[in-house]
Amino acid sequence: MNNIEAVETVGVVVIGAGQAGLSSAYHLRRTGFEPGRDFVVLDHSPGPGGAWQFRWASLTYGKVHGMHSLPGMELTDADPARPSSEVIAEYFDAYERTFDLRVRRPVDVRAVREGPDGRLLVETSAGTWATRALINATGTWDRPFVPRYPGQEMFRGRQLHTAQYPGPQAFAGRRVVVVGGGASGTQHLLEIAPHAAATTWVTRRPPVFREGPFTEDIGRAAVALVEERVRQGLPPKSVVSVTGLPLNDAVRQGLADGVLDRRPMFERITPDGVEWSDGQRVEADVILWATGFRAVIDHLAPLHLREPGGGIRVEGTRAVADPRVHLVGYGPSASTIGANRAGRAAVRDIRRLLAEEPVAA
């Protein structure tokens with residue numbers, strides 16, 4: 001594929017080899033699609049592991065919430081003390097080899113356009129593929145979101161996002177402001193506090209802590225809320241954002257110690273810290289933005305799938321504006337178990353599409 005003019009033709013292109021992409025590839029393979037001939041999986045990462053391979057070393061496997069095994073192969077006997085980046089990268093690598101998924105990497109997908117004969121053209125750093133159907137499983141890791149606040153560019157300290165989090169030791173002796181009310185924000189605070197000179201937790205909305213087990217009913221209700229946004233063409237919220245934060249022993253201790261004493265969002269950033277509307281200030285050496293991620297879908301822009309609300313309207317996994325395009329791991333299927341189910345559903349719909357609408361060679 002060094003010849004950039006070459007076009008390979010396949011039935012299905014899968015973009016991304018995280019949980020959503022591998023689940024989709026598994027179901028394609030299981031239902032008779034041959035890797036390389038009938039479908040191809042393109043991944044821009046240097047190795048197996050999806051976004052997990054980039055997580056910080058202190059996020060051990062035992063701290064991972066709700067990691068669900070890929071279909072057809074359980075993740076068993078993992079050491080909870082090992083970094084999740086290592087555990088899951090090794091698991092994904094073994095999975096790809098076991099099912100001979102032949103993931104091509106590193107391949108950067110630049111654009112997906114309308115092609116001839118009703119096909120889509122997937123333009124990449126490794127050439128172009130013409131495909132009848134597309135499974136987009138690109139996740140969110142490559143699009144960290146940092147909100148804008150007055151004075152941000154004047155801050156003399158360090159600003160970084162969760163995606164660049166180096167681990168707690170890097171904050172030793174520093175005054176740290178952590179922004180964000182999700183699971184990453186609380187994890188960062190609990191890790192950083194023993195090392196830092198001071199920590200301050202700032203969120204837009206008061207955090208909601210969830211007592212008791214995470215039941216199937218709670219999960220279904222959360223997914224339904226996210227699904228409704230996607231159905232309306234609005235940018236999806238994460239499933240975690242509507243479930244609340246689990247109130248475990250570490251969080252209870254953080255609340256008791258005052259580490260998780262939340263303050264409302266500041267109004268501006270000063271050269272030496274942050275300031276609220278009432279004039280209160282906190283001096284800081286570091287601002288850590290635990291403010292989430294956005295869906296990586298800019299490469300789909302030539303297909304004009306976005307709605308006025310900013311998102312892509314999806315029914316199940318299918319883009320309403322183009323039935324050839326399926327988004328797996330987007331919105332309601334962003335959880336690991338959701339990605340597994342969505343991969344199966346997408347393949348079922350694609351098989352029907354290819355059977356009913358043959359494409360001229």
# chains A, B, ... in the order shown; residues from 1 in each chain; ligands from 1

$ select_by_dssp --residues "region 141-227 of chain A" --states "alpha helix (DSSP H)" --output "PyMOL selection string"
chain A and resi 183-192+216-227

$ residues_around --residues "Ala6 (chain A)" --least-positions-apart "6" --cutoff "12 Å" --atoms "only C-alpha atoms" --output "PyMOL selection string"
chain A and resi 121-130

$ write_last_selection --atoms "all heavy atoms" --output "PDB file, in the first residue's frame"
ATOM      1  N   LEU A 121     -15.016   6.054  -0.086  1.00  0.00           N
ATOM      2  CA  LEU A 121     -13.566   6.035  -0.211  1.00  0.00           C
ATOM      3  C   LEU A 121     -12.952   6.445   1.127  1.00  0.00           C
ATOM      4  O   LEU A 121     -13.223   7.532   1.636  1.00  0.00           O
ATOM      5  CB  LEU A 121     -13.100   6.987  -1.313  1.00  0.00           C
ATOM      6  CG  LEU A 121     -13.437   6.596  -2.753  1.00  0.00           C
ATOM      7  CD1 LEU A 121     -12.943   7.666  -3.719  1.00  0.00           C
ATOM      8  CD2 LEU A 121     -12.826   5.240  -3.102  1.00  0.00           C
ATOM      9  N   VAL A 122     -12.127   5.559   1.686  1.00  0.00           N
ATOM     10  CA  VAL A 122     -11.455   5.816   2.954  1.00  0.00           C
ATOM     11  C   VAL A 122     -10.005   6.168   2.638  1.00  0.00           C
ATOM     12  O   VAL A 122      -9.214   5.299   2.275  1.00  0.00           O
ATOM     13  CB  VAL A 122     -11.541   4.592   3.886  1.00  0.00           C
ATOM     14  CG1 VAL A 122     -10.878   4.881   5.227  1.00  0.00           C
ATOM     15  CG2 VAL A 122     -12.992   4.163   4.082  1.00  0.00           C
ATOM     16  N   GLU A 123      -9.683   7.446   2.765  1.00  0.00           N
ATOM     17  CA  GLU A 123      -8.349   7.941   2.412  1.00  0.00           C
ATOM     18  C   GLU A 123      -7.470   7.927   3.658  1.00  0.00           C
ATOM     19  O   GLU A 123      -7.827   8.490   4.690  1.00  0.00           O
ATOM     20  CB  GLU A 123      -8.444   9.360   1.848  1.00  0.00           C
ATOM     21  CG  GLU A 123      -9.290   9.435   0.578  1.00  0.00           C
ATOM     22  CD  GLU A 123      -9.519  10.861   0.114  1.00  0.00           C
ATOM     23  OE1 GLU A 123      -9.037  11.803   0.789  1.00  0.00           O
ATOM     24  OE2 GLU A 123     -10.174  11.041  -0.929  1.00  0.00           O
ATOM     25  N   THR A 124      -6.307   7.290   3.553  1.00  0.00           N
ATOM     26  CA  THR A 124      -5.447   7.102   4.714  1.00  0.00           C
ATOM     27  C   THR A 124      -3.984   7.363   4.378  1.00  0.00           C
ATOM     28  O   THR A 124      -3.618   7.547   3.215  1.00  0.00           O
ATOM     29  CB  THR A 124      -5.555   5.663   5.261  1.00  0.00           C
ATOM     30  OG1 THR A 124      -4.705   4.802   4.500  1.00  0.00           O
ATOM     31  CG2 THR A 124      -6.980   5.136   5.201  1.00  0.00           C
ATOM     32  N   SER A 125      -3.153   7.321   5.402  1.00  0.00           N
ATOM     33  CA  SER A 125      -1.714   7.457   5.225  1.00  0.00           C
ATOM     34  C   SER A 125      -1.102   6.262   4.506  1.00  0.00           C
ATOM     35  O   SER A 125       0.055   6.310   4.072  1.00  0.00           O
ATOM     36  CB  SER A 125      -1.047   7.617   6.600  1.00  0.00           C
ATOM     37  OG  SER A 125      -1.326   6.492   7.423  1.00  0.00           O
ATOM     38  N   ALA A 126      -1.859   5.183   4.386  1.00  0.00           N
ATOM     39  CA  ALA A 126      -1.366   3.964   3.738  1.00  0.00           C
ATOM     40  C   ALA A 126      -2.082   3.672   2.423  1.00  0.00           C
ATOM     41  O   ALA A 126      -2.001   2.561   1.910  1.00  0.00           O
ATOM     42  CB  ALA A 126      -1.514   2.772   4.679  1.00  0.00           C
ATOM     43  N   GLY A 127      -2.783   4.641   1.887  1.00  0.00           N
ATOM     44  CA  GLY A 127      -3.515   4.438   0.647  1.00  0.00           C
ATOM     45  C   GLY A 127      -5.010   4.608   0.847  1.00  0.00           C
ATOM     46  O   GLY A 127      -5.459   5.113   1.868  1.00  0.00           O
ATOM     47  N   THR A 128      -5.772   4.167  -0.147  1.00  0.00           N
ATOM     48  CA  THR A 128      -7.219   4.374  -0.138  1.00  0.00           C
ATOM     49  C   THR A 128      -7.938   3.042  -0.265  1.00  0.00           C
ATOM     50  O   THR A 128      -7.550   2.186  -1.068  1.00  0.00           O
ATOM     51  CB  THR A 128      -7.632   5.303  -1.300  1.00  0.00           C
ATOM     52  OG1 THR A 128      -6.975   6.564  -1.131  1.00  0.00           O
ATOM     53  CG2 THR A 128      -9.134   5.528  -1.322  1.00  0.00           C
ATOM     54  N   TRP A 129      -8.986   2.887   0.517  1.00  0.00           N
ATOM     55  CA  TRP A 129      -9.856   1.722   0.420  1.00  0.00           C
ATOM     56  C   TRP A 129     -11.233   2.164  -0.069  1.00  0.00           C
ATOM     57  O   TRP A 129     -11.765   3.193   0.390  1.00  0.00           O
ATOM     58  CB  TRP A 129     -10.018   1.046   1.783  1.00  0.00           C
ATOM     59  CG  TRP A 129      -8.908   0.103   2.129  1.00  0.00           C
ATOM     60  CD1 TRP A 129      -8.873  -1.239   1.939  1.00  0.00           C
ATOM     61  CD2 TRP A 129      -7.653   0.441   2.748  1.00  0.00           C
ATOM     62  NE1 TRP A 129      -7.690  -1.769   2.389  1.00  0.00           N
ATOM     63  CE2 TRP A 129      -6.917  -0.758   2.890  1.00  0.00           C
ATOM     64  CE3 TRP A 129      -7.081   1.646   3.188  1.00  0.00           C
ATOM     65  CZ2 TRP A 129      -5.642  -0.791   3.457  1.00  0.00           C
ATOM     66  CZ3 TRP A 129      -5.812   1.613   3.751  1.00  0.00           C
ATOM     67  CH2 TRP A 129      -5.110   0.415   3.874  1.00  0.00           C
ATOM     68  N   ALA A 130     -11.797   1.396  -0.992  1.00  0.00           N
ATOM     69  CA  ALA A 130     -13.184   1.595  -1.420  1.00  0.00           C
ATOM     70  C   ALA A 130     -14.022   0.538  -0.719  1.00  0.00           C
ATOM     71  O   ALA A 130     -13.716  -0.657  -0.778  1.00  0.00           O
ATOM     72  CB  ALA A 130     -13.299   1.452  -2.934  1.00  0.00           C
TER      73      ALA A 130
END

$ closest_atom_pairs --of "region 238-344 of chain A" --to "region 57-64 of chain A" --cutoff "12 Å" --atoms "only C-alpha atoms" --output "CSV"
residue,atom,partner,partner_atom,distance
A:Asn248,CA,A:Lys63,CA,11.2
A:Ala250,CA,A:Lys63,CA,10.7
A:Thr336,CA,A:Val64,CA,11.5

$ closest_residue --among "A:Val87, A:Tyr330, A:Val226, A:Gly180" --to "Trp289 (chain A)" --atoms "only C-alpha atoms"
A:Gly180

$ closest_atom_pairs --of "region 162-181 of chain A" --to "region 272-279 of chain A" --cutoff "10 Å" --atoms "only C-alpha atoms" --output "CSV"
residue,atom,partner,partner_atom,distance
A:Arg175,CA,A:Gly273,CA,9.2
A:Val176,CA,A:Gly273,CA,9.2
A:Val177,CA,A:Gly273,CA,8.3

$ write_last_selection --atoms "N, CA, C and O atoms" --output "CSV table (one decimal), in the first residue's frame"
chain,number,residue,atom,x,y,z
A,175,ARG,N,1.2,23.1,44.0
A,175,ARG,CA,-0.2,23.5,44.3
A,175,ARG,C,-1.0,23.2,43.0
A,175,ARG,O,-0.7,23.8,42.0
A,176,VAL,N,-1.9,22.3,43.1
A,176,VAL,CA,-2.6,21.8,42.0
A,176,VAL,C,-4.1,22.1,42.0
A,176,VAL,O,-4.8,21.8,43.0
A,177,VAL,N,-4.6,22.6,40.9
A,177,VAL,CA,-6.1,22.8,40.8
A,177,VAL,C,-6.5,21.7,39.8
A,177,VAL,O,-6.0,21.6,38.6

$ residues_around --residues "Val40 (chain A)" --least-positions-apart "5" --cutoff "8 Å" --atoms "only C-alpha atoms" --output "MDAnalysis selection string"
chainID A and resid 10 12:14 35 102:104

$ closest_residue --among "A:Ile337, A:Met154, A:Ala17, A:Ala25" --to "Ala89 (chain A)" --atoms "only C-alpha atoms"
A:Ala17

$ decode --residues "region 125-140 of chain A" --atoms "N, CA, C and O atoms" --output "mmCIF file, in the first residue's frame"
data_model
loop_
_atom_site.group_PDB
_atom_site.id
_atom_site.type_symbol
_atom_site.label_atom_id
_atom_site.label_comp_id
_atom_site.auth_asym_id
_atom_site.auth_seq_id
_atom_site.Cartn_x
_atom_site.Cartn_y
_atom_site.Cartn_z
ATOM 1 N N SER A 125 -3.153 7.321 5.402
ATOM 2 C CA SER A 125 -1.714 7.457 5.225
ATOM 3 C C SER A 125 -1.102 6.262 4.506
ATOM 4 O O SER A 125 0.055 6.310 4.072
ATOM 5 N N ALA A 126 -1.859 5.183 4.386
ATOM 6 C CA ALA A 126 -1.366 3.964 3.738
ATOM 7 C C ALA A 126 -2.082 3.672 2.423
ATOM 8 O O ALA A 126 -2.001 2.561 1.910
ATOM 9 N N GLY A 127 -2.783 4.641 1.887
ATOM 10 C CA GLY A 127 -3.515 4.438 0.647
ATOM 11 C C GLY A 127 -5.010 4.608 0.847
ATOM 12 O O GLY A 127 -5.459 5.113 1.868
ATOM 13 N N THR A 128 -5.772 4.167 -0.147
ATOM 14 C CA THR A 128 -7.219 4.374 -0.138
ATOM 15 C C THR A 128 -7.938 3.042 -0.265
ATOM 16 O O THR A 128 -7.550 2.186 -1.068
ATOM 17 N N TRP A 129 -8.986 2.887 0.517
ATOM 18 C CA TRP A 129 -9.856 1.722 0.420
ATOM 19 C C TRP A 129 -11.233 2.164 -0.069
ATOM 20 O O TRP A 129 -11.765 3.193 0.390
ATOM 21 N N ALA A 130 -11.797 1.396 -0.992
ATOM 22 C CA ALA A 130 -13.184 1.595 -1.420
ATOM 23 C C ALA A 130 -14.022 0.538 -0.719
ATOM 24 O O ALA A 130 -13.716 -0.657 -0.778
ATOM 25 N N THR A 131 -15.081 0.987 -0.038
ATOM 26 C CA THR A 131 -15.853 0.060 0.784
ATOM 27 C C THR A 131 -17.337 0.320 0.645
ATOM 28 O O THR A 131 -17.766 1.450 0.406
ATOM 29 N N ARG A 132 -18.110 -0.744 0.822
ATOM 30 C CA ARG A 132 -19.564 -0.611 0.779
ATOM 31 C C ARG A 132 -20.125 -0.193 2.129
ATOM 32 O O ARG A 132 -21.196 0.399 2.201
ATOM 33 N N ALA A 133 -19.402 -0.511 3.201
ATOM 34 C CA ALA A 133 -19.884 -0.165 4.537
ATOM 35 C C ALA A 133 -18.698 0.211 5.417
ATOM 36 O O ALA A 133 -17.580 -0.272 5.220
ATOM 37 N N LEU A 134 -18.982 1.048 6.393
ATOM 38 C CA LEU A 134 -17.938 1.562 7.276
ATOM 39 C C LEU A 134 -18.376 1.423 8.726
ATOM 40 O O LEU A 134 -19.497 1.793 9.080
ATOM 41 N N ILE A 135 -17.492 0.879 9.555
ATOM 42 C CA ILE A 135 -17.704 0.879 10.997
ATOM 43 C C ILE A 135 -16.690 1.841 11.598
ATOM 44 O O ILE A 135 -15.481 1.599 11.544
ATOM 45 N N ASN A 136 -17.181 2.944 12.129
ATOM 46 C CA ASN A 136 -16.309 3.930 12.741
ATOM 47 C C ASN A 136 -16.233 3.648 14.233
ATOM 48 O O ASN A 136 -17.225 3.730 14.946
ATOM 49 N N ALA A 137 -15.044 3.286 14.692
ATOM 50 C CA ALA A 137 -14.842 2.906 16.097
ATOM 51 C C ALA A 137 -13.642 3.666 16.648
ATOM 52 O O ALA A 137 -12.747 3.083 17.257
ATOM 53 N N THR A 138 -13.634 4.975 16.430
ATOM 54 C CA THR A 138 -12.459 5.788 16.732
ATOM 55 C C THR A 138 -12.436 6.345 18.147
ATOM 56 O O THR A 138 -11.452 6.969 18.547
ATOM 57 N N GLY A 139 -13.501 6.170 18.913
ATOM 58 C CA GLY A 139 -13.490 6.574 20.303
ATOM 59 C C GLY A 139 -13.319 8.068 20.505
ATOM 60 O O GLY A 139 -13.735 8.889 19.675
ATOM 61 N N THR A 140 -12.658 8.423 21.622
ATOM 62 C CA THR A 140 -12.539 9.828 22.007
ATOM 63 C C THR A 140 -11.137 10.235 22.457
ATOM 64 O O THR A 140 -10.868 11.426 22.599
#
